[in-house]
Amino acid sequence: MSEAEEILQLVNGQLGTAVLVSAFDIHHETVPMACSLLGGTSREGVLLPSVVVVDSGGYETQSQWESGFVPIAEPVPRNYEYDDYLSVISRLQPRNGLLVVSYDGPDLPAGPYAQQIKRALNLNTLEAAWDVLLKPPAGDTHAWEELAPVAAGLRTATAIGVTVPELGPTLADRLMNLAQLRAVLDQAGVVAPIHVFGSLDPLLTPLYFAFGGELFDGLSWSRYAFRGGLSIHVDQAALLDDQLDQDPGYVRGYRLLGNLQYLEGMKERMRTYAAGPESDFALFGEHSMAMRAVYEQVQERIARRGY
């Protein structure tokens, strides 16, 4: 059984609003619960939430991982290319709340933004919403001035995706570039939310939210334990929770369900933050002063740059 399948079974029926699964895992049949999205596959016992995001899957073939990645086991190399992705999405069964992410893999160069947008939205032939994952046309970081002239092409997208590393090398760069992307999209009349890939952390996610991100996913909830507004090592959580002699399976389930509960609470705090008249980072707990300090510093830099 794959790690992802084990996690999904542990939290089956407890995922709340949304889950992200990979077309890579569907293609290789490593996550049978995700394979239930295909026709002819039994759905018995599978309790997927109302929103299901099908990620492109090219991520699994690359050597770079998201910040803070802690592998349980070394990934097994498997072939996976654009044609495999197309085969998977062509077999997805129509369902409400299905969001498909455009392809991201080393076998298909990103190309100019206009080309990326056209390629993604031209696949809109099945009954699904589309999440257009933008990749830097050249280099490792986005240059949104190149997106601005063609950004209006994203008006029919349901969401606009970016990965955390490609927003910039430092936290300040990433927050500023996220804010700039939101400004470019607003100016082009694009109302779709920004999906930040690789951020689902108690400390950083509220900051990405404050600077324009609205949808978030990442592995932190399954790799770490959320305690005191931070992601901490599972052994540290076992110490704090007095679970030193507990069965490892029980401890893992306890941690995963606790993390999901924390994320539900963070979602509600984000809603309250967005509805408030000013940025109230006190909603986010123990490290709110540090969050506010970062927010104010980055806002000053944005003001100096004029966006």
# chains A, B, ... in the order shown; residues from 1 in each chain; ligands from 1
$ residues_around --residues "segment 240-245 of chain A" --least-positions-apart "5" --cutoff "12 Å" --atoms "only C-alpha atoms" --output "PyMOL selection string"
chain A and resi 225-228+232-235+250-252+254-255+258
$ write_last_selection --atoms "N, CA and C atoms" --output "CSV table (one decimal), in the first residue's frame"
chain,number,residue,atom,x,y,z
A,225,ALA,N,3.2,17.6,12.9
A,225,ALA,CA,2.1,17.8,13.8
A,225,ALA,C,2.0,19.3,14.0
A,226,PHE,N,0.7,19.8,13.9
A,226,PHE,CA,0.5,21.2,14.2
A,226,PHE,C,0.3,21.4,15.6
A,227,ARG,N,1.2,22.2,16.2
A,227,ARG,CA,1.1,22.5,17.7
A,227,ARG,C,1.6,23.9,17.9
A,228,GLY,N,0.9,24.7,18.7
A,228,GLY,CA,1.3,26.0,19.0
A,228,GLY,C,1.6,26.9,17.8
A,232,ILE,N,5.7,20.8,13.8
A,232,ILE,CA,6.8,20.2,14.5
A,232,ILE,C,6.9,18.7,14.2
A,233,HIS,N,8.1,18.2,14.6
A,233,HIS,CA,8.3,16.8,14.3
A,233,HIS,C,7.4,15.9,15.0
A,234,VAL,N,7.0,14.7,14.5
A,234,VAL,CA,6.0,13.8,15.1
A,234,VAL,C,6.5,13.3,16.4
A,235,ASP,N,7.8,13.1,16.6
A,235,ASP,CA,8.3,12.7,17.9
A,235,ASP,C,8.1,13.8,19.0
A,250,TYR,N,-2.0,4.3,16.0
A,250,TYR,CA,-2.9,5.2,16.7
A,250,TYR,C,-2.4,6.6,16.8
A,251,VAL,N,-1.1,6.7,17.1
A,251,VAL,CA,-0.5,8.1,17.1
A,251,VAL,C,-0.6,8.8,15.8
A,252,ARG,N,-0.4,8.1,14.7
A,252,ARG,CA,-0.4,8.7,13.4
A,252,ARG,C,-1.9,9.2,13.1
A,254,TYR,N,-4.2,9.9,15.2
A,254,TYR,CA,-4.5,11.0,16.1
A,254,TYR,C,-3.9,12.3,15.6
A,255,ARG,N,-2.7,12.2,15.1
A,255,ARG,CA,-2.0,13.4,14.6
A,255,ARG,C,-2.7,13.9,13.3
A,258,GLY,N,-6.0,15.4,14.1
A,258,GLY,CA,-5.8,16.7,14.8
A,258,GLY,C,-5.4,17.8,13.8
$ residues_around --residues "Thr17 of chain A" --least-positions-apart "3" --cutoff "12 Å" --atoms "only C-alpha atoms" --output "JSON, numbers by chain"
{"A": [13, 14, 20, 47, 48, 49, 50, 51, 52, 53, 97, 215, 260, 261, 263, 264, 267]}
$ residues_around --residues "segment 166-176 of chain A" --least-positions-apart "5" --cutoff "8 Å" --atoms "only C-alpha atoms" --output "MDAnalysis selection string"
chainID A and resid 135:136 140:142 207:208 211 298 301:302
$ write_last_selection --atoms "all heavy atoms" --output "mmCIF file, in the first residue's frame"
data_model
loop_
_atom_site.group_PDB
_atom_site.id
_atom_site.type_symbol
_atom_site.label_atom_id
_atom_site.label_comp_id
_atom_site.auth_asym_id
_atom_site.auth_seq_id
_atom_site.Cartn_x
_atom_site.Cartn_y
_atom_site.Cartn_z
ATOM 1 N N LYS A 135 3.834 28.401 -15.060
ATOM 2 C CA LYS A 135 5.234 28.080 -14.841
ATOM 3 C C LYS A 135 6.096 29.209 -15.402
ATOM 4 O O LYS A 135 5.733 29.837 -16.402
ATOM 5 C CB LYS A 135 5.592 26.770 -15.546
ATOM 6 C CG LYS A 135 4.692 25.600 -15.171
ATOM 7 C CD LYS A 135 4.831 25.221 -13.717
ATOM 8 C CE LYS A 135 6.192 24.630 -13.422
ATOM 9 N NZ LYS A 135 6.325 24.216 -11.999
ATOM 10 N N PRO A 136 7.262 29.489 -14.801
ATOM 11 C CA PRO A 136 8.143 30.530 -15.359
ATOM 12 C C PRO A 136 8.565 30.154 -16.781
ATOM 13 O O PRO A 136 9.081 29.057 -17.009
ATOM 14 C CB PRO A 136 9.347 30.526 -14.407
ATOM 15 C CG PRO A 136 8.841 29.910 -13.144
ATOM 16 C CD PRO A 136 7.816 28.903 -13.558
ATOM 17 N N ASP A 140 14.002 30.308 -13.045
ATOM 18 C CA ASP A 140 13.348 29.645 -11.918
ATOM 19 C C ASP A 140 12.231 30.447 -11.289
ATOM 20 O O ASP A 140 11.508 29.929 -10.435
ATOM 21 C CB ASP A 140 14.394 29.324 -10.837
ATOM 22 C CG ASP A 140 15.474 28.371 -11.329
ATOM 23 O OD1 ASP A 140 15.143 27.480 -12.133
ATOM 24 O OD2 ASP A 140 16.643 28.539 -10.922
ATOM 25 N N THR A 141 12.081 31.729 -11.672
ATOM 26 C CA THR A 141 11.132 32.619 -11.010
ATOM 27 C C THR A 141 10.253 33.315 -12.040
ATOM 28 O O THR A 141 10.706 33.643 -13.136
ATOM 29 C CB THR A 141 11.889 33.671 -10.171
ATOM 30 O OG1 THR A 141 12.783 32.999 -9.272
ATOM 31 C CG2 THR A 141 10.927 34.525 -9.358
ATOM 32 N N HIS A 142 9.011 33.556 -11.652
ATOM 33 C CA HIS A 142 8.071 34.228 -12.543
ATOM 34 C C HIS A 142 8.452 35.688 -12.775
ATOM 35 O O HIS A 142 9.046 36.342 -11.903
ATOM 36 C CB HIS A 142 6.660 34.188 -11.948
ATOM 37 C CG HIS A 142 6.024 32.838 -12.013
ATOM 38 N ND1 HIS A 142 5.537 32.303 -13.179
ATOM 39 C CD2 HIS A 142 5.789 31.910 -11.043
ATOM 40 C CE1 HIS A 142 5.023 31.104 -12.934
ATOM 41 N NE2 HIS A 142 5.168 30.838 -11.648
ATOM 42 N N LEU A 207 0.116 34.158 5.892
ATOM 43 C CA LEU A 207 0.801 35.249 5.200
ATOM 44 C C LEU A 207 0.570 35.178 3.691
ATOM 45 O O LEU A 207 0.318 36.197 3.042
ATOM 46 C CB LEU A 207 2.294 35.211 5.507
ATOM 47 C CG LEU A 207 2.705 35.810 6.849
ATOM 48 C CD1 LEU A 207 4.152 35.469 7.180
ATOM 49 C CD2 LEU A 207 2.499 37.324 6.858
ATOM 50 N N TYR A 208 0.646 33.965 3.126
ATOM 51 C CA TYR A 208 0.333 33.838 1.698
ATOM 52 C C TYR A 208 -1.106 34.267 1.434
ATOM 53 O O TYR A 208 -1.412 34.861 0.396
ATOM 54 C CB TYR A 208 0.566 32.402 1.235
ATOM 55 C CG TYR A 208 2.029 32.030 1.117
ATOM 56 C CD1 TYR A 208 2.574 30.993 1.869
ATOM 57 C CD2 TYR A 208 2.873 32.717 0.244
ATOM 58 C CE1 TYR A 208 3.921 30.663 1.765
ATOM 59 C CE2 TYR A 208 4.215 32.383 0.131
ATOM 60 C CZ TYR A 208 4.734 31.353 0.895
ATOM 61 O OH TYR A 208 6.059 31.037 0.786
ATOM 62 N N PHE A 211 -1.465 38.056 1.266
ATOM 63 C CA PHE A 211 -0.892 38.688 0.077
ATOM 64 C C PHE A 211 -1.508 38.180 -1.228
ATOM 65 O O PHE A 211 -0.955 38.419 -2.290
ATOM 66 C CB PHE A 211 0.626 38.507 0.064
ATOM 67 C CG PHE A 211 1.319 39.441 1.013
ATOM 68 C CD1 PHE A 211 1.593 39.048 2.317
ATOM 69 C CD2 PHE A 211 1.676 40.728 0.621
ATOM 70 C CE1 PHE A 211 2.217 39.916 3.207
ATOM 71 C CE2 PHE A 211 2.296 41.597 1.498
ATOM 72 C CZ PHE A 211 2.571 41.200 2.798
ATOM 73 N N VAL A 298 6.847 43.830 4.211
ATOM 74 C CA VAL A 298 6.634 43.512 2.794
ATOM 75 C C VAL A 298 5.705 44.530 2.154
ATOM 76 O O VAL A 298 5.905 44.941 1.000
ATOM 77 C CB VAL A 298 6.094 42.077 2.641
ATOM 78 C CG1 VAL A 298 5.752 41.780 1.186
ATOM 79 C CG2 VAL A 298 7.128 41.075 3.146
ATOM 80 N N ARG A 301 7.713 47.473 1.117
ATOM 81 C CA ARG A 301 8.484 47.219 -0.107
ATOM 82 C C ARG A 301 7.584 47.268 -1.338
ATOM 83 O O ARG A 301 7.978 47.801 -2.391
ATOM 84 C CB ARG A 301 9.172 45.847 -0.019
ATOM 85 C CG ARG A 301 10.170 45.749 1.125
ATOM 86 C CD ARG A 301 10.902 44.402 1.097
ATOM 87 N NE ARG A 301 11.624 44.163 2.338
ATOM 88 C CZ ARG A 301 12.439 43.147 2.546
ATOM 89 N NH1 ARG A 301 12.660 42.270 1.561
ATOM 90 N NH2 ARG A 301 13.057 42.980 3.709
ATOM 91 N N ILE A 302 6.367 46.728 -1.211
ATOM 92 C CA ILE A 302 5.428 46.780 -2.340
ATOM 93 C C ILE A 302 5.068 48.218 -2.667
ATOM 94 O O ILE A 302 5.002 48.609 -3.852
ATOM 95 C CB ILE A 302 4.166 45.964 -1.985
ATOM 96 C CG1 ILE A 302 4.500 44.471 -1.980
ATOM 97 C CG2 ILE A 302 3.039 46.255 -2.973
ATOM 98 C CD1 ILE A 302 3.363 43.584 -1.496
#
$ atom_distance --atom1 "atom CA of Ser199 of chain A" --atom2 "atom CA of Ala151 of chain A"
23.8 Å
$ select_by_dssp --residues "segment 93-226 of chain A" --states "strand (DSSP E)" --output "PyMOL selection string"
chain A and resi 98-101+129-133+159-163+194-197+213-217+225-226
$ select_by_dssp --residues "segment 110-167 of chain A" --states "alpha helix (DSSP H)" --output "ChimeraX atom specification"
/A:113-121,144-147
$ residues_around --residues "segment 280-294 of chain A" --least-positions-apart "4" --cutoff "8 Å" --atoms "only C-alpha atoms" --output "PyMOL selection string"
chain A and resi 203+206-207+228-229+266+269+273+276+298
$ residues_around --residues "Leu37 of chain A" --least-positions-apart "5" --cutoff "9 Å" --atoms "only C-alpha atoms" --output "list in words"
Ile26, Arg43, Arg91, Leu92, Gln93, Pro94 and Arg95 of chain A
$ atom_distance --atom1 "atom CA of Asn96 of chain A" --atom2 "atom CA of Ala4 of chain A"
23.3 Å
$ atom_distance --atom1 "atom CA of Arg271 of chain A" --atom2 "atom CA of Asn259 of chain A"
18.5 Å
$ closest_atom_pairs --of "segment 141-254 of chain A" --to "segment 115-118 of chain A" --cutoff "9 Å" --atoms "only C-alpha atoms" --output "CSV"
residue,atom,partner,partner_atom,distance
A:Val150,CA,A:Ile117,CA,8.8
A:Ala151,CA,A:Ile117,CA,8.7
A:Gly153,CA,A:Ile117,CA,6.8
A:Leu154,CA,A:Ile117,CA,6.8
$ residues_around --residues "Gly213 of chain A" --least-positions-apart "5" --cutoff "8 Å" --atoms "only C-alpha atoms" --output "NGL selection string"
:A and (178 or 193-196 or 208)
$ write_last_selection --atoms "C-alpha atoms" --output "CSV table (one decimal), in the first residue's frame"
chain,number,residue,atom,x,y,z
A,178,LEU,CA,2.1,36.8,-5.0
A,193,PRO,CA,-8.6,32.7,-7.0
A,194,ILE,CA,-4.8,32.0,-6.8
A,195,HIS,CA,-3.9,28.4,-5.8
A,196,VAL,CA,-0.6,28.3,-4.0
A,208,TYR,CA,0.3,33.8,1.7
$ residues_around --residues "Ser56 of chain A" --least-positions-apart "5" --cutoff "8 Å" --atoms "only C-alpha atoms" --output "number ranges by chain"
A: 22-24, 85, 100-104
$ closest_residue --among "A:Asn12, A:Thr205, A:Ser2, A:Gln297" --to "Val164 of chain A" --atoms "only C-alpha atoms"
A:Thr205
$ decode --residues "segment 257-287 of chain A" --atoms "N, CA and C atoms" --output "CSV table (one decimal), in the first residue's frame"
chain,number,residue,atom,x,y,z
A,257,LEU,N,-5.8,13.5,12.2
A,257,LEU,CA,-7.1,14.0,12.4
A,257,LEU,C,-7.0,15.4,13.2
A,258,GLY,N,-6.0,15.4,14.1
A,258,GLY,CA,-5.8,16.7,14.8
A,258,GLY,C,-5.4,17.8,13.8
A,259,ASN,N,-4.5,17.5,12.9
A,259,ASN,CA,-4.1,18.5,11.9
A,259,ASN,C,-5.2,18.9,11.0
A,260,LEU,N,-6.1,18.0,10.6
A,260,LEU,CA,-7.2,18.4,9.8
A,260,LEU,C,-8.2,19.3,10.6
A,261,GLN,N,-8.3,19.0,11.8
A,261,GLN,CA,-9.2,19.9,12.7
A,261,GLN,C,-8.5,21.3,12.8
A,262,TYR,N,-7.2,21.3,12.9
A,262,TYR,CA,-6.5,22.6,12.9
A,262,TYR,C,-6.7,23.4,11.6
A,263,LEU,N,-6.6,22.7,10.5
A,263,LEU,CA,-6.8,23.4,9.2
A,263,LEU,C,-8.2,23.9,9.1
A,264,GLU,N,-9.2,23.2,9.6
A,264,GLU,CA,-10.6,23.7,9.5
A,264,GLU,C,-10.7,25.0,10.3
A,265,GLY,N,-10.1,25.0,11.5
A,265,GLY,CA,-10.1,26.2,12.3
A,265,GLY,C,-9.3,27.4,11.6
A,266,MET,N,-8.2,27.1,11.0
A,266,MET,CA,-7.5,28.1,10.2
A,266,MET,C,-8.3,28.7,9.1
A,267,LYS,N,-9.0,27.8,8.4
A,267,LYS,CA,-9.9,28.3,7.3
A,267,LYS,C,-10.9,29.3,7.9
A,268,GLU,N,-11.5,29.0,9.0
A,268,GLU,CA,-12.5,29.9,9.6
A,268,GLU,C,-11.8,31.2,10.0
A,269,ARG,N,-10.6,31.1,10.6
A,269,ARG,CA,-9.9,32.4,11.0
A,269,ARG,C,-9.5,33.2,9.8
A,270,MET,N,-9.2,32.6,8.6
A,270,MET,CA,-8.9,33.3,7.4
A,270,MET,C,-10.2,34.1,6.9
A,271,ARG,N,-11.3,33.4,7.0
A,271,ARG,CA,-12.6,34.1,6.6
A,271,ARG,C,-12.8,35.3,7.5
A,272,THR,N,-12.6,35.1,8.8
A,272,THR,CA,-12.8,36.3,9.7
A,272,THR,C,-11.8,37.4,9.4
A,273,TYR,N,-10.5,37.0,9.1
A,273,TYR,CA,-9.5,38.0,8.7
A,273,TYR,C,-9.9,38.7,7.5
A,274,ALA,N,-10.4,38.0,6.5
A,274,ALA,CA,-10.8,38.7,5.2
A,274,ALA,C,-12.0,39.6,5.4
A,275,ALA,N,-12.9,39.3,6.3
A,275,ALA,CA,-14.1,40.1,6.5
A,275,ALA,C,-13.8,41.3,7.3
A,276,GLY,N,-12.7,41.3,8.0
A,276,GLY,CA,-12.4,42.4,9.0
A,276,GLY,C,-12.0,43.7,8.3
A,277,PRO,N,-12.1,44.8,9.0
A,277,PRO,CA,-11.7,46.1,8.4
A,277,PRO,C,-10.2,46.3,8.2
A,278,GLU,N,-9.4,45.6,9.0
A,278,GLU,CA,-8.0,45.7,8.9
A,278,GLU,C,-7.3,44.4,9.2
A,279,SER,N,-6.0,44.3,8.9
A,279,SER,CA,-5.3,43.0,9.0
A,279,SER,C,-5.1,42.7,10.5
A,280,ASP,N,-5.9,41.7,11.0
A,280,ASP,CA,-5.8,41.3,12.4
A,280,ASP,C,-5.1,40.0,12.5
A,281,PHE,N,-3.8,40.0,12.6
A,281,PHE,CA,-3.1,38.7,12.7
A,281,PHE,C,-3.2,38.1,14.1
A,282,ALA,N,-3.8,38.8,15.0
A,282,ALA,CA,-4.0,38.2,16.3
A,282,ALA,C,-4.9,36.9,16.2
A,283,LEU,N,-5.7,36.9,15.1
A,283,LEU,CA,-6.5,35.7,14.9
A,283,LEU,C,-5.7,34.4,14.8
A,284,PHE,N,-4.5,34.5,14.4
A,284,PHE,CA,-3.7,33.4,14.1
A,284,PHE,C,-2.8,32.9,15.2
A,285,GLY,N,-3.0,33.4,16.4
A,285,GLY,CA,-2.4,32.8,17.6
A,285,GLY,C,-1.0,33.3,18.0
A,286,GLU,N,-0.2,32.4,18.5
A,286,GLU,CA,1.0,32.7,19.2
A,286,GLU,C,2.0,33.5,18.5
A,287,HIS,N,2.1,33.4,17.2
A,287,HIS,CA,3.1,34.1,16.4
A,287,HIS,C,2.6,35.3,15.6
